[in-house]
$ cat input23.cif   # mmCIF, C-alpha atoms
data_structure
loop_
_atom_site.label_atom_id
_atom_site.label_comp_id
_atom_site.auth_asym_id
_atom_site.auth_seq_id
_atom_site.Cartn_x
_atom_site.Cartn_y
_atom_site.Cartn_z
CA MET A 16 -6.98 39.41 9.75
CA ARG A 17 -8.22 41.69 12.52
CA LYS A 18 -8.58 45.41 11.87
CA LEU A 19 -6.77 47.55 14.44
CA GLY A 20 -7.42 51.01 13.04
CA VAL A 21 -6.23 53.32 10.29
CA VAL A 22 -3.07 55.29 9.57
CA GLN A 23 -3.62 58.76 11.02
CA GLU A 24 -0.16 60.29 10.54
CA ILE A 25 3.14 59.48 8.84
CA TRP A 26 6.35 61.17 10.03
CA ARG A 27 9.82 61.20 8.54
CA TYR A 28 13.00 62.58 10.14
CA PRO A 29 15.59 63.29 7.45
CA VAL A 30 18.24 64.26 10.04
CA LYS A 31 18.90 62.14 13.12
CA GLY A 32 17.77 63.99 16.25
CA MET A 33 15.97 66.84 14.49
CA ALA A 34 12.23 67.45 14.22
CA GLY A 35 10.74 65.98 11.08
CA GLU A 36 8.04 66.34 8.46
CA SER A 37 4.46 65.10 8.21
CA LEU A 38 3.60 63.19 5.02
CA ASN A 39 0.45 61.96 3.31
CA ARG A 40 2.27 58.96 1.89
CA CYS A 41 5.72 57.40 1.88
CA GLN A 42 7.40 54.26 0.65
CA LEU A 43 8.37 51.76 3.33
CA THR A 44 11.66 50.01 2.56
CA ALA A 45 13.76 47.42 4.36
CA GLN A 46 15.62 50.38 5.93
CA GLY A 47 12.44 52.12 7.14
CA LEU A 48 10.69 55.04 5.46
CA LEU A 49 12.34 56.26 2.29
CA GLY A 50 14.43 59.32 3.15
CA ASP A 51 14.37 58.76 6.91
CA ARG A 52 17.55 59.57 8.90
CA LEU A 53 19.91 59.83 5.97
CA TRP A 54 21.80 62.72 7.59
CA ALA A 55 23.19 63.41 11.07
CA VAL A 56 25.17 65.97 13.02
CA ARG A 57 28.67 65.08 14.18
CA ASP A 58 30.34 66.56 17.24
CA THR A 59 33.78 67.24 15.80
CA LEU A 60 35.65 67.19 19.13
CA ARG A 61 34.21 63.84 20.16
CA ASP A 62 34.15 62.64 16.52
CA GLU A 63 30.76 61.17 17.28
CA VAL A 64 27.35 61.29 15.61
CA GLN A 65 24.85 63.01 17.91
CA SER A 66 21.20 62.37 18.74
CA CYS A 67 18.58 64.40 20.60
CA LYS A 68 19.34 62.28 23.68
CA PHE A 69 22.71 64.03 24.00
CA ARG A 70 22.01 67.23 22.03
CA PRO A 71 18.34 68.08 22.74
CA ARG A 72 18.63 71.45 20.98
CA LEU A 73 18.63 69.50 17.72
CA LEU A 74 14.86 69.19 18.25
CA GLN A 75 14.53 72.94 17.69
CA VAL A 76 15.48 72.47 14.02
CA LYS A 77 13.00 70.99 11.54
CA ALA A 78 14.40 68.96 8.66
CA SER A 79 12.54 68.22 5.43
CA TRP A 80 13.16 67.13 1.87
CA ASP A 81 12.47 69.94 -0.60
CA THR A 82 10.78 68.39 -3.63
CA SER A 83 9.18 71.59 -4.95
CA GLY A 84 11.69 72.48 -7.63
CA ALA A 85 12.94 70.94 -10.82
CA GLU A 86 16.33 70.33 -9.21
CA PRO A 87 17.15 67.04 -7.45
CA VAL A 88 15.61 66.64 -4.03
CA LYS A 89 17.55 68.60 -1.42
CA LEU A 90 17.61 68.72 2.35
CA GLU A 91 16.34 71.88 4.02
CA LEU A 92 16.64 72.95 7.67
CA LEU A 93 14.22 75.36 9.38
CA PHE A 94 15.90 77.07 12.35
CA PRO A 95 14.09 78.45 15.43
CA ASP A 96 14.42 82.03 14.17
CA GLY A 97 12.50 81.13 11.00
CA SER A 98 15.50 81.07 8.68
CA ARG A 99 15.97 78.22 6.22
CA LEU A 100 19.25 76.73 5.06
CA ALA A 101 19.95 73.96 2.58
CA SER A 102 22.30 71.20 3.64
CA ASN A 103 24.92 72.47 1.17
CA SER A 104 24.84 76.04 2.52
CA LYS A 105 28.26 77.35 3.52
CA ASP A 106 26.76 78.60 6.80
CA VAL A 107 24.96 75.45 7.93
CA ASP A 108 27.75 74.00 10.10
CA GLU A 109 28.35 77.37 11.76
CA ARG A 110 24.63 77.78 12.54
CA LEU A 111 24.36 74.28 13.99
CA SER A 112 27.50 74.75 16.07
CA ALA A 113 26.12 77.99 17.53
CA LEU A 114 22.78 76.37 18.35
CA LEU A 115 24.31 73.31 19.99
CA GLY A 116 27.20 75.05 21.73
CA ARG A 117 29.55 72.47 20.23
CA THR A 118 31.58 72.53 17.02
CA SER A 119 29.50 70.37 14.72
CA THR A 120 29.15 69.30 11.11
CA LEU A 121 26.16 68.08 9.12
CA GLU A 122 26.92 64.93 7.14
CA ALA A 123 25.15 62.42 4.94
CA LEU A 124 25.25 58.71 5.66
CA GLU A 125 27.89 56.98 3.57
CA SER A 126 29.17 53.41 3.49
CA ASP A 127 32.30 54.45 5.41
CA THR A 128 30.63 56.81 7.92
CA ASN A 129 32.22 56.54 11.36
CA LEU A 130 29.50 55.43 13.77
CA ARG A 131 31.73 54.50 16.71
CA ARG A 132 30.75 55.60 20.18
CA TYR A 133 32.98 58.14 21.88
CA LYS A 134 34.79 56.59 24.84
CA ALA A 135 37.04 58.85 26.86
CA ASP A 136 38.82 55.99 28.61
CA ALA A 137 38.61 52.29 29.30
CA ASP A 138 35.90 52.47 31.97
CA ASP A 139 32.14 52.60 31.52
CA SER A 140 31.75 56.39 31.52
CA TRP A 141 29.96 56.12 28.16
CA LEU A 142 27.30 53.95 29.82
CA ASP A 143 26.90 56.47 32.63
CA GLU A 144 26.38 59.16 29.98
CA LEU A 145 23.74 57.03 28.28
CA LYS A 146 21.90 56.29 31.52
CA ALA A 147 21.88 59.99 32.39
CA THR A 148 19.93 60.80 29.21
CA PHE A 149 16.95 58.88 30.61
CA GLU A 150 16.68 61.46 33.41
CA ARG A 151 15.17 59.15 36.01
CA GLU A 152 14.35 60.41 39.48
CA PRO A 153 15.25 58.41 42.61
CA GLY A 154 13.24 55.20 42.73
CA GLU A 155 12.30 55.26 39.04
CA PRO A 156 13.44 52.30 36.91
CA LEU A 157 15.92 52.47 34.07
CA PRO A 158 15.83 50.27 30.98
CA ASP A 159 17.85 47.08 31.37
CA PHE A 160 21.42 47.76 30.22
CA SER A 161 22.85 44.53 31.63
CA ASP A 162 22.96 42.56 28.39
CA LEU A 163 23.55 45.08 25.61
CA PRO A 164 24.63 43.59 22.28
CA GLN A 165 28.20 44.43 21.34
CA ASP A 166 27.07 46.66 18.47
CA MET A 167 25.22 48.93 20.94
CA ILE A 168 28.34 49.12 23.08
CA ASP A 169 30.62 50.00 20.18
CA PHE A 170 28.35 52.13 17.98
CA VAL A 171 25.92 55.02 18.49
CA SER A 172 23.50 53.58 15.94
CA LEU A 173 22.82 50.39 14.07
CA PRO A 174 25.85 49.72 11.84
CA GLY A 175 25.23 51.08 8.37
CA SER A 176 22.44 53.40 9.49
CA TYR A 177 21.60 56.38 11.68
CA PHE A 178 18.89 54.44 13.58
CA LEU A 179 19.48 53.89 17.27
CA VAL A 180 17.42 50.72 17.82
CA SER A 181 15.11 50.08 14.88
CA PRO A 182 14.30 51.68 11.51
CA PHE A 183 10.59 52.04 12.31
CA HIS A 184 8.60 53.28 15.30
CA LEU A 185 4.81 53.38 15.71
CA LEU A 186 2.38 54.75 18.26
CA THR A 187 -1.39 54.61 18.74
CA THR A 188 -3.96 57.26 19.53
CA ALA A 189 -5.22 54.92 22.28
CA SER A 190 -1.94 55.26 24.18
CA LEU A 191 -1.80 59.03 23.79
CA ASN A 192 -5.43 59.42 24.83
CA TYR A 193 -4.88 57.18 27.85
CA LEU A 194 -1.94 59.24 29.11
CA GLN A 195 -3.72 62.50 28.30
CA GLN A 196 -6.60 61.45 30.54
CA LEU A 197 -4.20 60.60 33.36
CA HIS A 198 -2.25 63.85 33.02
CA PRO A 199 -4.43 66.40 31.18
CA ASP A 200 -2.30 69.41 32.07
CA SER A 201 0.41 68.40 29.58
CA ASP A 202 0.41 68.69 25.80
CA TRP A 203 0.76 65.13 24.49
CA ASP A 204 1.60 66.29 20.98
CA VAL A 205 2.71 63.29 18.94
CA GLN A 206 5.82 65.13 17.76
CA ARG A 207 7.35 64.79 21.23
CA PHE A 208 7.56 61.03 20.71
CA ARG A 209 8.96 60.92 17.17
CA PRO A 210 6.95 58.02 15.68
CA ASN A 211 7.03 57.13 12.01
CA LEU A 212 3.42 56.00 12.10
CA VAL A 213 0.44 56.99 14.24
CA VAL A 214 -2.40 54.46 14.20
CA ASP A 215 -5.87 55.76 15.01
CA THR A 216 -7.46 52.86 16.86
CA LEU A 217 -10.97 54.23 16.32
CA ASP A 218 -11.95 53.83 19.98
CA ALA A 219 -12.05 50.07 19.49
CA GLU A 220 -9.74 49.56 22.47
CA ALA A 221 -8.32 51.73 25.22
CA GLY A 222 -4.99 51.91 27.02
CA LEU A 223 -1.47 51.06 25.89
CA ILE A 224 -2.74 48.63 23.32
CA GLU A 225 0.26 48.46 20.98
CA GLN A 226 2.25 46.76 23.76
CA ALA A 227 0.08 43.70 23.07
CA TRP A 228 1.09 43.72 19.42
CA LEU A 229 4.68 42.60 20.09
CA ASP A 230 5.74 39.65 17.91
CA GLY A 231 2.68 40.25 15.74
CA ARG A 232 2.59 41.10 12.03
CA LEU A 233 0.86 44.23 10.78
CA GLN A 234 -0.55 44.55 7.26
CA ILE A 235 -0.85 48.09 5.88
CA GLY A 236 -1.67 48.12 2.17
CA GLU A 237 1.01 45.99 0.51
CA ALA A 238 3.47 46.59 3.33
CA GLU A 239 3.97 44.18 6.19
CA LEU A 240 5.74 44.85 9.50
CA ARG A 241 6.75 42.75 12.48
CA CYS A 242 6.36 44.41 15.88
CA THR A 243 9.62 43.74 17.67
CA SER A 244 10.16 45.61 20.95
CA THR A 245 8.99 48.29 23.35
CA ALA A 246 10.26 51.90 23.26
CA PRO A 247 11.65 53.03 26.65
CA ARG A 248 11.46 56.80 26.97
CA CYS A 249 14.25 59.22 27.84
CA GLY A 250 14.46 62.92 28.64
CA ALA A 251 14.15 63.89 24.97
CA ILE A 252 10.33 63.78 25.19
CA THR A 253 10.40 66.61 27.74
CA ARG A 254 12.48 69.02 25.64
CA ALA A 255 11.27 72.17 23.94
CA GLN A 256 10.63 72.15 20.22
CA GLN A 257 9.72 75.09 17.99
CA HIS A 258 6.07 75.08 19.02
CA LEU A 259 6.24 72.94 22.17
CA PRO A 260 7.43 74.05 25.62
CA ALA A 261 9.64 71.94 27.86
CA ASP A 262 7.61 69.71 30.19
CA LYS A 263 9.39 67.34 32.60
CA SER A 264 6.10 65.98 33.94
CA LEU A 265 5.55 64.05 30.69
CA LEU A 266 8.38 61.68 31.50
CA ARG A 267 7.19 61.19 35.07
CA THR A 268 3.79 60.11 33.74
CA VAL A 269 5.22 57.70 31.16
CA VAL A 270 7.53 56.09 33.71
CA ARG A 271 4.78 55.77 36.33
CA GLU A 272 1.75 54.90 34.21
CA ALA A 273 3.23 53.14 31.17
CA ASP A 274 6.08 51.13 32.70
CA GLN A 275 8.44 53.70 31.06
CA ASN A 276 7.47 52.56 27.52
CA LEU A 277 5.43 54.40 24.92
CA GLY A 278 5.02 53.04 21.40
CA ILE A 279 6.81 50.07 19.85
CA TYR A 280 9.47 49.35 17.26
CA ALA A 281 8.97 47.32 14.10
CA ASP A 282 10.93 45.81 11.23
CA THR A 283 9.90 45.65 7.58
CA LEU A 284 8.87 42.23 6.32
CA THR A 285 7.42 43.41 3.00
CA ALA A 286 8.08 46.81 1.45
CA GLY A 287 5.24 48.94 0.11
CA GLU A 288 3.65 52.37 0.17
CA LEU A 289 2.07 53.67 3.38
CA ARG A 290 -0.71 56.24 3.08
CA VAL A 291 -2.73 58.26 5.56
CA GLY A 292 -6.14 56.59 5.80
CA ASP A 293 -4.84 53.08 5.07
CA PRO A 294 -6.45 50.40 7.26
CA VAL A 295 -4.10 48.63 9.68
CA TYR A 296 -4.62 44.91 10.25
CA MET A 297 -3.11 42.32 12.54
CA ARG A 298 -2.36 39.21 10.53
CA ASP A 299 -3.38 35.82 11.89
#
$ encode --input "input23.cif" --output "structure tokens"
Amino acid sequence: MRKLGVVQEIWRYPVKGMAGESLNRCQLTAQGLLGDRLWAVRDTLRDEVQSCKFRPRLLQVKASWDTSGAEPVKLELLFPDGSRLASNSKDVDERLSALLGRTSTLEALESDTNLRRYKADADDSWLDELKATFEREPGEPLPDFSDLPQDMIDFVSLPGSYFLVSPFHLLTTASLNYLQQLHPDSDWDVQRFRPNLVVDTLDAEAGLIEQAWLDGRLQIGEAELRCTSTAPRCGAITRAQQHLPADKSLLRTVVREADQNLGIYADTLTAGELRVGDPVYMRD
């Protein structure tokens, strides 16, 4: 096995589209990190689960699992004004609706959760909506939408989950450092890019090195992952979060300098605990 680096950060996002929480350790399951994206916000008029692609103001709310008390673990939301509400608060739907400007409800993932994509008519207006979220300027490439699987046409997330493409996303410090050097005026805070895992590559290599890991198998402690696909970036990375200003130039840099991809997706081969400081190896 070849050592690639060490785990620098672990991030979990209890609510689809919202900012998440930094962890020192977390169990990796077949469905991604334990507790990741188990809730979502539904636009009641469209009857559709929303993401930060379509509702970027979701990023201004931080979601976390409250494990401090003797009671069962509960979901807590931190709003931009500093107020905190539990998921079972009678005011939570009203607060989210006011923030998003759309009547919305917070809901947990269940076996019968409706994940169907909203389609106003029989044409491809839904695809035009999706393309618009990537916020490309004239001459900039879009991801290839020509051969989407039927599930991505019919559903807003992978059936049975609130994950859009994959249950696990990782990013390296090498990639962030590379883009920071090319565009130093921007804040390349990792939270803009919503990874589950940040790998510190220890200056062993430079550039967008995780793109070369595709189809490879990573060993982290007892856990094993297969690197599956690139992560094309949309306008969500440019949006304001509680401590981050909006910055459209970030997307221009990623499209121009990183072939519009930053980070990669992965699937779980073997479950196990991930911990900050764990070495990351590429299996032979």
$ closest_residue --input "input23.cif" --among "A:Ile168, A:Leu223, A:Leu74, A:Val270" --to "Gly154 in chain A" --atoms "only C-alpha atoms"
A:Val270
$ closest_residue --input "input23.cif" --among "A:Leu53, A:Ala261, A:Val30, A:Ile252" --to "Lys77 in chain A" --atoms "all atoms listed in the file"
A:Val30
$ closest_residue --input "input23.cif" --among "A:Met297, A:Met167, A:Leu114, A:Leu185" --to "Ala246 in chain A" --atoms "only C-alpha atoms"
A:Leu185
$ resolve_selection --input "input23.cif" --expression "the PyMOL selection byres ((chain A and resi 166) around 12)" --output "NGL selection string"
:A and (130-132 or 162-165 or 167-175 or 179-180)
$ closest_residue --input "input23.cif" --among "A:Leu233, A:Ala34, A:Leu121, A:Ala101" --to "Met16 in chain A" --atoms "all atoms listed in the file"
A:Leu233
$ resolve_selection --input "input23.cif" --expression "the PyMOL selection byres ((chain A and resi 208-221) around 10)" --output "PyMOL selection string"
chain A and resi 18-28+32-38+47-48+51+182-193+203-207+222-225+246+248-249+251-253+277-280+289-295
$ resolve_selection --input "input23.cif" --expression "the PyMOL selection byres ((chain A and resi 156) around 12)" --output "ChimeraX atom specification"
/A:146,149-155,157-160,247-249,266-267,269-271,273-276
$ residues_around --input "input23.cif" --residues "Leu60 in chain A" --least-positions-apart "4" --cutoff "12 Å" --atoms "all atoms listed in the file" --output "list in words"
Val64, Gln65, Ser112, Gly116, Arg117, Thr118, Ser119, Thr120, Tyr133 and Ala135 of chain A
$ write_last_selection --input "input23.cif" --atoms "C-alpha atoms" --output "short mmCIF file (atom, residue, chain, number, x, y, z; two decimals), in the coordinates of the input"
data_model
loop_
_atom_site.label_atom_id
_atom_site.label_comp_id
_atom_site.auth_asym_id
_atom_site.auth_seq_id
_atom_site.Cartn_x
_atom_site.Cartn_y
_atom_site.Cartn_z
CA VAL A 64 27.35 61.29 15.61
CA GLN A 65 24.85 63.01 17.91
CA SER A 112 27.50 74.75 16.07
CA GLY A 116 27.20 75.05 21.73
CA ARG A 117 29.55 72.47 20.23
CA THR A 118 31.58 72.53 17.02
CA SER A 119 29.50 70.37 14.72
CA THR A 120 29.15 69.30 11.11
CA TYR A 133 32.98 58.14 21.88
CA ALA A 135 37.04 58.85 26.86
#
$ closest_residue --input "input23.cif" --among "A:Asp143, A:Asp58, A:Asp81, A:Asp96" --to "His258 in chain A" --atoms "all atoms listed in the file"
A:Asp96
$ closest_residue --input "input23.cif" --among "A:Asp282, A:Ala255, A:Arg52, A:Glu63" --to "Lys134 in chain A" --atoms "only C-alpha atoms"
A:Glu63
$ atom_distance --input "input23.cif" --atom1 "CA of Leu73 in chain A" --atom2 "CA of Pro260 in chain A"
14.4 Å
$ residues_near_point --input "input23.cif" --point "(21.6, 76.1, 9.1)" --cutoff "12 Å" --atoms "all atoms listed in the file" --output "ChimeraX atom specification"
/A:56,73,75-78,90-115,119-121
$ residues_around --input "input23.cif" --residues "Glu239 in chain A" --least-positions-apart "4" --cutoff "10 Å" --atoms "only C-alpha atoms" --output "PDB file with C-alpha atoms, in the coordinates of the input"
ATOM      1  CA  LEU A  43       8.370  51.760   3.330  1.00  0.00           C
ATOM      2  CA  ARG A 232       2.590  41.100  12.030  1.00  0.00           C
ATOM      3  CA  LEU A 233       0.860  44.230  10.780  1.00  0.00           C
ATOM      4  CA  GLN A 234      -0.550  44.550   7.260  1.00  0.00           C
ATOM      5  CA  ILE A 235      -0.850  48.090   5.880  1.00  0.00           C
ATOM      6  CA  ALA A 281       8.970  47.320  14.100  1.00  0.00           C
ATOM      7  CA  ASP A 282      10.930  45.810  11.230  1.00  0.00           C
ATOM      8  CA  THR A 283       9.900  45.650   7.580  1.00  0.00           C
ATOM      9  CA  LEU A 284       8.870  42.230   6.320  1.00  0.00           C
ATOM     10  CA  THR A 285       7.420  43.410   3.000  1.00  0.00           C
ATOM     11  CA  ALA A 286       8.080  46.810   1.450  1.00  0.00           C
ATOM     12  CA  GLY A 287       5.240  48.940   0.110  1.00  0.00           C
ATOM     13  CA  VAL A 295      -4.100  48.630   9.680  1.00  0.00           C
ATOM     14  CA  TYR A 296      -4.620  44.910  10.250  1.00  0.00           C
ATOM     15  CA  MET A 297      -3.110  42.320  12.540  1.00  0.00           C
ATOM     16  CA  ARG A 298      -2.360  39.210  10.530  1.00  0.00           C
TER      17      ARG A 298
END
$ atom_distance --input "input23.cif" --atom1 "CA of Phe69 in chain A" --atom2 "CA of Lys263 in chain A"
16.2 Å
$ residues_around --input "input23.cif" --residues "Ser126 in chain A" --least-positions-apart "2" --cutoff "10 Å" --atoms "only C-alpha atoms" --output "PDB file with C-alpha atoms, keeping the file's coordinate frame"
ATOM      1  CA  ALA A 123      25.150  62.420   4.940  1.00  0.00           C
ATOM      2  CA  LEU A 124      25.250  58.710   5.660  1.00  0.00           C
ATOM      3  CA  THR A 128      30.630  56.810   7.920  1.00  0.00           C
ATOM      4  CA  ASN A 129      32.220  56.540  11.360  1.00  0.00           C
ATOM      5  CA  PRO A 174      25.850  49.720  11.840  1.00  0.00           C
ATOM      6  CA  GLY A 175      25.230  51.080   8.370  1.00  0.00           C
ATOM      7  CA  SER A 176      22.440  53.400   9.490  1.00  0.00           C
TER       8      SER A 176
END
$ atom_distance --input "input23.cif" --atom1 "CA of Thr245 in chain A" --atom2 "CA of Ser140 in chain A"
25.5 Å
